[in-house]
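The structure appears below as structure tokens.
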Amino acid sequence: MRLDAQDLGRRYGRQWVFRNLSYSFEPGSATAILGPNGAGKSTLLSILAGQLLPSEGTVRYESALSGKPVPVAEVPRLLAYCAPYLELPEDFTLLELLAFHTRLKPLRPGVSIPDLVDIMYLHKARHQAVRTFSSGMKQRLKLGLALYADTPLLLLDEPTTNLDAQGAAWYLEHVARVRESRLLIVSSNVPAEYGFCEAQVRITDFQ
Ligand SMILES: Nc1ncnc2c1ncn2[C@@H]1O[C@H](COP(=O)(O)OP(=O)(O)OP(=O)(O)O)[C@@H](O)[C@H]1O
């Protein structure tokens with residue numbers, strides 16, 4: 001997947017969050033979106049995900065395989081997105097949620113639901129309702145679902161939110177395992193969670 005942002009701007013009321021943001025996200029690349037609290041990182045990620053309309057400018061998606069444009073209606077199927085404001089259906093047990101979710105968004109080839117439970121080290125909680133999970137367990141679940149989804153586009157908003165040191169190391173290990181040949185965008189202001197990204201976009205350059 002290639003993603004091309006052209007002259008993007010977003011405002012709420014009269015207040016512009018950013019303007020004139022143009023950037024090409026190349027297939028297989030990892031890019032960090034950087035900026036302090038309130039700079040507009042989540043707003044930009046939501047626009048790139050096709051979930052929020054820009055106030056001006058365009059986002060174009062292109063298949064890396066065929067070189068053909070991808071209609072925005074196709075993007076949800078090709079996208080894995082992990083963000084603090086995206087909620088899980090918490091009344092499900094872990095195994096129920098994984099069965100439901102993977103029907104809509106299959107896992108990478110060779111990874112089964114039991115494999116993913118082990119990867120997320122949530123085996124003991126497999127019959128537990130997700131609403132009873134700790135915040136770190138929920139974050140490992142959200143990340144596990146995104147990292148191990150079989151999608152060419154992976155967007156991670158503040159990925160180590162609520163993770164302890166072991167969880168943060170787990171995130172780095174698994175993002176390294178799954179990022180090959182995907183377009184990865186990480187929004188962050190924590191250097192440890194985007195250190196592997198070879199490119200950076202500073203939102204404050206567009207304000
Ligand atoms: N729905 C909304 N209505 C009005 N203003 C909004 C809305 N969503 C975001 N904003 C404003 O847009 C600006 C950017 O918010 P955003 O959440 O994108 O920043 P961020 O860089 O992700 O912040 P953080 O690091 O704190 O998560 C903020 O000033 C915020 O108040």
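Please note that chains go A, B, ... in the order of the structure tokens, that every chain numbers its residues from 1, and that ligands are numbered from 1 in the order shown.
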Residues of region 28-199 of chain A in strand (DSSP E or B), written as a ChimeraX atom specification: /A:30-34,56-62,69-70,79-82,93,107,129,149,153-157,183-188,199
Taking N, CA, C and O atoms for each residue, export the selection above as a short mmCIF file (atom, residue, chain, number, x, y, z; two decimals), in the first residue's frame.
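Listing of again_32.cif after writing:
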```
data_model
loop_
_atom_site.label_atom_id
_atom_site.label_comp_id
_atom_site.auth_asym_id
_atom_site.auth_seq_id
_atom_site.Cartn_x
_atom_site.Cartn_y
_atom_site.Cartn_z
N ALA A 30 8.17 2.67 7.56
CA ALA A 30 7.61 2.95 8.89
C ALA A 30 7.87 4.42 9.18
O ALA A 30 9.01 4.88 9.14
N THR A 31 6.79 5.16 9.45
CA THR A 31 6.88 6.61 9.66
C THR A 31 6.29 6.96 11.01
O THR A 31 5.21 6.47 11.37
N ALA A 32 6.97 7.82 11.75
CA ALA A 32 6.45 8.32 13.02
C ALA A 32 5.80 9.67 12.80
O ALA A 32 6.38 10.54 12.13
N ILE A 33 4.59 9.85 13.34
CA ILE A 33 3.92 11.15 13.35
C ILE A 33 4.18 11.74 14.73
O ILE A 33 3.73 11.15 15.74
N LEU A 34 4.88 12.84 14.79
CA LEU A 34 5.33 13.37 16.07
C LEU A 34 4.70 14.73 16.39
O LEU A 34 4.36 15.48 15.48
N GLU A 56 -9.58 20.25 4.16
CA GLU A 56 -9.08 20.52 2.80
C GLU A 56 -8.00 19.50 2.47
O GLU A 56 -7.44 18.85 3.35
N GLY A 57 -7.78 19.30 1.18
CA GLY A 57 -6.76 18.36 0.73
C GLY A 57 -7.31 16.96 0.50
O GLY A 57 -8.50 16.71 0.69
N THR A 58 -6.43 16.08 0.08
CA THR A 58 -6.86 14.73 -0.31
C THR A 58 -5.90 13.67 0.23
O THR A 58 -4.72 13.93 0.46
N VAL A 59 -6.44 12.47 0.39
CA VAL A 59 -5.62 11.29 0.70
C VAL A 59 -5.88 10.28 -0.41
O VAL A 59 -7.05 9.99 -0.71
N ARG A 60 -4.81 9.79 -1.02
CA ARG A 60 -4.97 8.77 -2.06
C ARG A 60 -4.28 7.50 -1.61
O ARG A 60 -3.18 7.55 -1.05
N TYR A 61 -4.92 6.38 -1.89
CA TYR A 61 -4.38 5.07 -1.54
C TYR A 61 -4.09 4.34 -2.84
O TYR A 61 -4.86 4.43 -3.79
N GLU A 62 -2.99 3.60 -2.85
CA GLU A 62 -2.63 2.88 -4.06
C GLU A 62 -2.09 1.52 -3.68
O GLU A 62 -1.32 1.40 -2.71
N PRO A 69 -5.16 2.67 -8.03
CA PRO A 69 -5.77 3.36 -6.89
C PRO A 69 -6.71 2.43 -6.12
O PRO A 69 -7.36 1.57 -6.72
N VAL A 70 -6.75 2.62 -4.80
CA VAL A 70 -7.66 1.85 -3.95
C VAL A 70 -8.76 2.80 -3.50
O VAL A 70 -8.46 3.83 -2.88
N LEU A 79 -6.91 -2.23 6.42
CA LEU A 79 -6.33 -1.44 7.51
C LEU A 79 -6.44 -2.16 8.85
O LEU A 79 -7.49 -2.69 9.19
N ALA A 80 -5.35 -2.14 9.62
CA ALA A 80 -5.41 -2.50 11.04
C ALA A 80 -5.02 -1.25 11.81
O ALA A 80 -4.04 -0.59 11.49
N TYR A 81 -5.82 -0.94 12.83
CA TYR A 81 -5.73 0.37 13.49
C TYR A 81 -5.84 0.14 14.99
O TYR A 81 -6.82 -0.45 15.46
N CYS A 82 -4.86 0.60 15.72
CA CYS A 82 -4.89 0.48 17.19
C CYS A 82 -4.77 1.88 17.77
O CYS A 82 -3.81 2.59 17.48
N THR A 93 -15.97 -12.68 26.01
CA THR A 93 -14.72 -13.22 26.58
C THR A 93 -13.64 -13.04 25.52
O THR A 93 -13.94 -12.77 24.34
N LEU A 107 -6.42 -13.26 10.52
CA LEU A 107 -5.04 -13.16 11.01
C LEU A 107 -4.05 -13.48 9.90
O LEU A 107 -4.41 -14.08 8.88
N ALA A 129 -14.26 -12.17 30.59
CA ALA A 129 -14.83 -11.05 29.83
C ALA A 129 -13.79 -9.94 29.71
O ALA A 129 -13.08 -9.62 30.67
N ALA A 149 -3.16 -8.81 12.31
CA ALA A 149 -4.15 -8.82 11.22
C ALA A 149 -3.41 -8.89 9.89
O ALA A 149 -2.31 -8.34 9.76
N LEU A 153 -1.83 -2.19 5.59
CA LEU A 153 -1.72 -0.88 6.24
C LEU A 153 -1.92 -1.04 7.75
O LEU A 153 -2.92 -1.62 8.19
N LEU A 154 -0.95 -0.54 8.51
CA LEU A 154 -0.98 -0.69 9.98
C LEU A 154 -0.77 0.69 10.60
O LEU A 154 0.27 1.32 10.41
N LEU A 155 -1.79 1.16 11.34
CA LEU A 155 -1.72 2.47 11.99
C LEU A 155 -1.77 2.27 13.51
O LEU A 155 -2.70 1.64 14.02
N LEU A 156 -0.78 2.81 14.20
CA LEU A 156 -0.69 2.64 15.65
C LEU A 156 -0.63 4.01 16.31
O LEU A 156 0.31 4.78 16.06
N ASP A 157 -1.63 4.31 17.12
CA ASP A 157 -1.68 5.59 17.82
C ASP A 157 -1.25 5.36 19.27
O ASP A 157 -1.91 4.61 20.00
N LEU A 183 2.80 -0.98 5.19
CA LEU A 183 2.98 0.46 5.43
C LEU A 183 2.60 0.71 6.88
O LEU A 183 1.46 0.45 7.28
N LEU A 184 3.54 1.18 7.68
CA LEU A 184 3.32 1.35 9.11
C LEU A 184 3.46 2.83 9.48
O LEU A 184 4.44 3.48 9.10
N ILE A 185 2.46 3.34 10.20
CA ILE A 185 2.50 4.72 10.68
C ILE A 185 2.23 4.69 12.18
O ILE A 185 1.23 4.11 12.62
N VAL A 186 3.13 5.30 12.95
CA VAL A 186 3.03 5.30 14.42
C VAL A 186 2.92 6.74 14.89
O VAL A 186 3.81 7.55 14.60
N SER A 187 1.83 7.07 15.59
CA SER A 187 1.76 8.42 16.16
C SER A 187 2.21 8.36 17.61
O SER A 187 1.79 7.46 18.35
N SER A 188 3.07 9.28 18.00
CA SER A 188 3.71 9.12 19.31
C SER A 188 4.39 10.40 19.77
O SER A 188 4.73 11.26 18.97
N ALA A 199 11.38 7.26 9.07
CA ALA A 199 10.96 8.61 8.65
C ALA A 199 10.10 9.22 9.75
O ALA A 199 9.50 8.51 10.56
#
```
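Taking only C-alpha atoms and all ligand atoms into account, the protein and nucleic acid residues that come at most 8 Å from ligand 1 are A:Arg11, A:Tyr12, A:Gly13, A:Val17, A:Leu34, A:Gly35, A:Pro36, A:Asn37, A:Gly38, A:Ala39, A:Gly40, A:Lys41, A:Ser42, A:Thr43, A:Leu44, A:Asp157, A:Glu158, A:Ser187, A:Ser188, A:Asn189.
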May I have a table of the residues of region 11-122 of chain A lying at most 12 Å from region 168-175 of chain A, giving each one's closest pair of atoms and their distance in Å to one decimal, counting only C-alpha atoms, ordered by chain and ascending residue number, as a Markdown table?
```
| residue | atom | partner | partner_atom | distance |
| --- | --- | --- | --- | --- |
| A:Ala30 | CA | A:Val175 | CA | 10.4 |
| A:Leu116 | CA | A:His174 | CA | 11.3 |
| A:Ile119 | CA | A:His174 | CA | 8.7 |
| A:Met120 | CA | A:Trp170 | CA | 8.6 |
| A:Tyr121 | CA | A:Trp170 | CA | 9.8 |
```
Give me a file of those residues, with C-alpha atoms, as an mmCIF file, in the first residue's frame.
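The new file out_37.cif reads:
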```cif
data_model
loop_
_atom_site.group_PDB
_atom_site.id
_atom_site.type_symbol
_atom_site.label_atom_id
_atom_site.label_comp_id
_atom_site.auth_asym_id
_atom_site.auth_seq_id
_atom_site.Cartn_x
_atom_site.Cartn_y
_atom_site.Cartn_z
ATOM 1 C CA ALA A 30 7.610 2.947 8.887
ATOM 2 C CA LEU A 116 -2.337 -15.120 19.142
ATOM 3 C CA ILE A 119 1.628 -14.198 21.719
ATOM 4 C CA MET A 120 -0.388 -11.676 23.786
ATOM 5 C CA TYR A 121 0.348 -13.739 26.949
#
```
My list of candidates is A:Ala83, A:Glu193, A:His127, A:Pro109. Which is closest to Leu143 (chain A) when distances are computed with only C-alpha atoms? A:Ala83
Using DSSP on the backbone, list every residue of region 39-69 of chain A that comes out as helix (DSSP H, G or I), and give them as a list in words.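 Listing helix (DSSP H, G or I) positions across region 39-69 of chain A yields Lys41, Ser42, Thr43, Leu44, Leu45, Ser46, Ile47 and Leu48 of chain A.
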Atomic distance CA of Lys142 (chain A) - CA of Leu88 (chain A), expressed in Å with one decimal: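 Computing the Euclidean distance for CA of Lys142 (chain A) and CA of Leu88 (chain A) yields 7.9 Å.
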Would you please work out which residue, of A:Leu3, A:Ile203, A:Val117, A:Leu45, is nearest to Pro71 (chain A) when using only C-alpha atoms?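 Looking only at the distances to Pro71 (chain A), the closest residue turns out to be A:Leu3.
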Find the residues near Ser63 (chain A): any atom within 12 Å, counting only C-alpha atoms, skip ones fewer than 4 places away on the same chain, and give them as a PyMOL selection string. chain A and resi 1-4+26-28+67-72+74-75+78+151-153+181-183
Just to be explicit: take each residue in the selection above, keep N, CA, C and O atoms, and write the result as a PDB file, in the first residue's frame.
```
ATOM      1  N   MET A   1       0.834  -1.196   0.000  1.00  0.00           N
ATOM      2  CA  MET A   1       0.000   0.000   0.000  1.00  0.00           C
ATOM      3  C   MET A   1       0.874   1.253   0.000  1.00  0.00           C
ATOM      4  O   MET A   1       1.849   1.329   0.735  1.00  0.00           O
ATOM      5  N   ARG A   2       0.499   2.201  -0.852  1.00  0.00           N
ATOM      6  CA  ARG A   2       1.134   3.523  -0.839  1.00  0.00           C
ATOM      7  C   ARG A   2       0.044   4.525  -0.450  1.00  0.00           C
ATOM      8  O   ARG A   2      -1.125   4.364  -0.827  1.00  0.00           O
ATOM      9  N   LEU A   3       0.432   5.531   0.323  1.00  0.00           N
ATOM     10  CA  LEU A   3      -0.554   6.498   0.794  1.00  0.00           C
ATOM     11  C   LEU A   3       0.003   7.892   0.501  1.00  0.00           C
ATOM     12  O   LEU A   3       1.127   8.203   0.887  1.00  0.00           O
ATOM     13  N   ASP A   4      -0.787   8.669  -0.161  1.00  0.00           N
ATOM     14  CA  ASP A   4      -0.315   9.982  -0.583  1.00  0.00           C
ATOM     15  C   ASP A   4      -1.233  11.061  -0.013  1.00  0.00           C
ATOM     16  O   ASP A   4      -2.406  11.141  -0.392  1.00  0.00           O
ATOM     17  N   GLU A  26       5.517   5.568   1.738  1.00  0.00           N
ATOM     18  CA  GLU A  26       5.899   4.564   0.744  1.00  0.00           C
ATOM     19  C   GLU A  26       5.605   3.149   1.242  1.00  0.00           C
ATOM     20  O   GLU A  26       5.701   2.884   2.450  1.00  0.00           O
ATOM     21  N   PRO A  27       5.303   2.241   0.328  1.00  0.00           N
ATOM     22  CA  PRO A  27       5.060   0.854   0.731  1.00  0.00           C
ATOM     23  C   PRO A  27       6.262   0.295   1.500  1.00  0.00           C
ATOM     24  O   PRO A  27       7.405   0.555   1.128  1.00  0.00           O
ATOM     25  N   GLY A  28       5.980  -0.422   2.581  1.00  0.00           N
ATOM     26  CA  GLY A  28       7.051  -1.058   3.348  1.00  0.00           C
ATOM     27  C   GLY A  28       7.768  -0.125   4.310  1.00  0.00           C
ATOM     28  O   GLY A  28       8.642  -0.568   5.057  1.00  0.00           O
ATOM     29  N   GLY A  67      -0.271  -1.189  -8.362  1.00  0.00           N
ATOM     30  CA  GLY A  67      -0.062   0.216  -8.708  1.00  0.00           C
ATOM     31  C   GLY A  67      -1.370   0.948  -8.993  1.00  0.00           C
ATOM     32  O   GLY A  67      -1.364   2.106  -9.392  1.00  0.00           O
ATOM     33  N   LYS A  68      -2.502   0.268  -8.738  1.00  0.00           N
ATOM     34  CA  LYS A  68      -3.810   0.891  -9.031  1.00  0.00           C
ATOM     35  C   LYS A  68      -4.356   1.615  -7.800  1.00  0.00           C
ATOM     36  O   LYS A  68      -4.086   1.201  -6.665  1.00  0.00           O
ATOM     37  N   PRO A  69      -5.158   2.672  -8.026  1.00  0.00           N
ATOM     38  CA  PRO A  69      -5.766   3.363  -6.889  1.00  0.00           C
ATOM     39  C   PRO A  69      -6.707   2.430  -6.120  1.00  0.00           C
ATOM     40  O   PRO A  69      -7.357   1.571  -6.722  1.00  0.00           O
ATOM     41  N   VAL A  70      -6.747   2.617  -4.805  1.00  0.00           N
ATOM     42  CA  VAL A  70      -7.658   1.848  -3.950  1.00  0.00           C
ATOM     43  C   VAL A  70      -8.761   2.801  -3.497  1.00  0.00           C
ATOM     44  O   VAL A  70      -8.458   3.828  -2.878  1.00  0.00           O
ATOM     45  N   PRO A  71     -10.041   2.497  -3.803  1.00  0.00           N
ATOM     46  CA  PRO A  71     -11.119   3.388  -3.353  1.00  0.00           C
ATOM     47  C   PRO A  71     -11.188   3.432  -1.825  1.00  0.00           C
ATOM     48  O   PRO A  71     -10.909   2.416  -1.172  1.00  0.00           O
ATOM     49  N   VAL A  72     -11.561   4.582  -1.276  1.00  0.00           N
ATOM     50  CA  VAL A  72     -11.561   4.745   0.186  1.00  0.00           C
ATOM     51  C   VAL A  72     -12.503   3.734   0.862  1.00  0.00           C
ATOM     52  O   VAL A  72     -12.245   3.297   1.991  1.00  0.00           O
ATOM     53  N   GLU A  74     -12.677   0.735   0.267  1.00  0.00           N
ATOM     54  CA  GLU A  74     -11.933  -0.524   0.431  1.00  0.00           C
ATOM     55  C   GLU A  74     -10.954  -0.473   1.610  1.00  0.00           C
ATOM     56  O   GLU A  74     -10.437  -1.506   2.041  1.00  0.00           O
ATOM     57  N   VAL A  75     -10.677   0.742   2.085  1.00  0.00           N
ATOM     58  CA  VAL A  75      -9.590   0.914   3.057  1.00  0.00           C
ATOM     59  C   VAL A  75      -9.833   0.162   4.377  1.00  0.00           C
ATOM     60  O   VAL A  75      -8.906  -0.475   4.890  1.00  0.00           O
ATOM     61  N   LEU A  78      -8.390  -3.207   4.466  1.00  0.00           N
ATOM     62  CA  LEU A  78      -6.936  -3.290   4.272  1.00  0.00           C
ATOM     63  C   LEU A  78      -6.153  -2.693   5.440  1.00  0.00           C
ATOM     64  O   LEU A  78      -4.934  -2.674   5.451  1.00  0.00           O
ATOM     65  N   THR A 151      -3.155  -7.348   7.064  1.00  0.00           N
ATOM     66  CA  THR A 151      -3.483  -6.118   6.329  1.00  0.00           C
ATOM     67  C   THR A 151      -2.203  -5.421   5.856  1.00  0.00           C
ATOM     68  O   THR A 151      -1.192  -5.436   6.562  1.00  0.00           O
ATOM     69  N   PRO A 152      -2.246  -4.768   4.700  1.00  0.00           N
ATOM     70  CA  PRO A 152      -1.050  -4.068   4.219  1.00  0.00           C
ATOM     71  C   PRO A 152      -0.817  -2.718   4.899  1.00  0.00           C
ATOM     72  O   PRO A 152       0.264  -2.152   4.784  1.00  0.00           O
ATOM     73  N   LEU A 153      -1.834  -2.195   5.594  1.00  0.00           N
ATOM     74  CA  LEU A 153      -1.723  -0.884   6.241  1.00  0.00           C
ATOM     75  C   LEU A 153      -1.922  -1.041   7.751  1.00  0.00           C
ATOM     76  O   LEU A 153      -2.919  -1.624   8.192  1.00  0.00           O
ATOM     77  N   SER A 181       7.013  -5.456   4.626  1.00  0.00           N
ATOM     78  CA  SER A 181       6.143  -5.232   3.468  1.00  0.00           C
ATOM     79  C   SER A 181       4.770  -4.628   3.810  1.00  0.00           C
ATOM     80  O   SER A 181       3.850  -4.663   3.004  1.00  0.00           O
ATOM     81  N   ARG A 182       4.659  -4.046   5.032  1.00  0.00           N
ATOM     82  CA  ARG A 182       3.436  -3.281   5.341  1.00  0.00           C
ATOM     83  C   ARG A 182       3.790  -1.798   5.434  1.00  0.00           C
ATOM     84  O   ARG A 182       4.926  -1.444   5.738  1.00  0.00           O
ATOM     85  N   LEU A 183       2.799  -0.976   5.192  1.00  0.00           N
ATOM     86  CA  LEU A 183       2.981   0.460   5.429  1.00  0.00           C
ATOM     87  C   LEU A 183       2.595   0.714   6.883  1.00  0.00           C
ATOM     88  O   LEU A 183       1.455   0.454   7.276  1.00  0.00           O
TER      89      LEU A 183
END
```
I want to know what sits within 7 Å of Arg10 (chain A), based on only C-alpha atoms, with residues of the same chain fewer than 3 positions away left out; could you give that as a compact mmCIF listing (two decimals) with C-alpha atoms, in the first residue's frame?
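Below is the file that was written, part07.txt:
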```
# COMPACT_ATOMS: atom_id res chain seq x y z
CA TRP A 16 -6.91 24.94 12.29
CA VAL A 17 -5.18 21.89 13.78
CA PHE A 18 -2.78 21.66 10.80
CA ARG A 19 -2.66 22.88 7.20
CA PRO A 54 -10.04 16.52 6.05
CA SER A 55 -11.28 20.12 5.87
CA GLU A 56 -9.08 20.52 2.80
```
From A:Arg177, A:Lys138, A:Lys124, A:Arg77, residue lying nearest Lys105 (chain A) [only C-alpha atoms]: A:Arg77
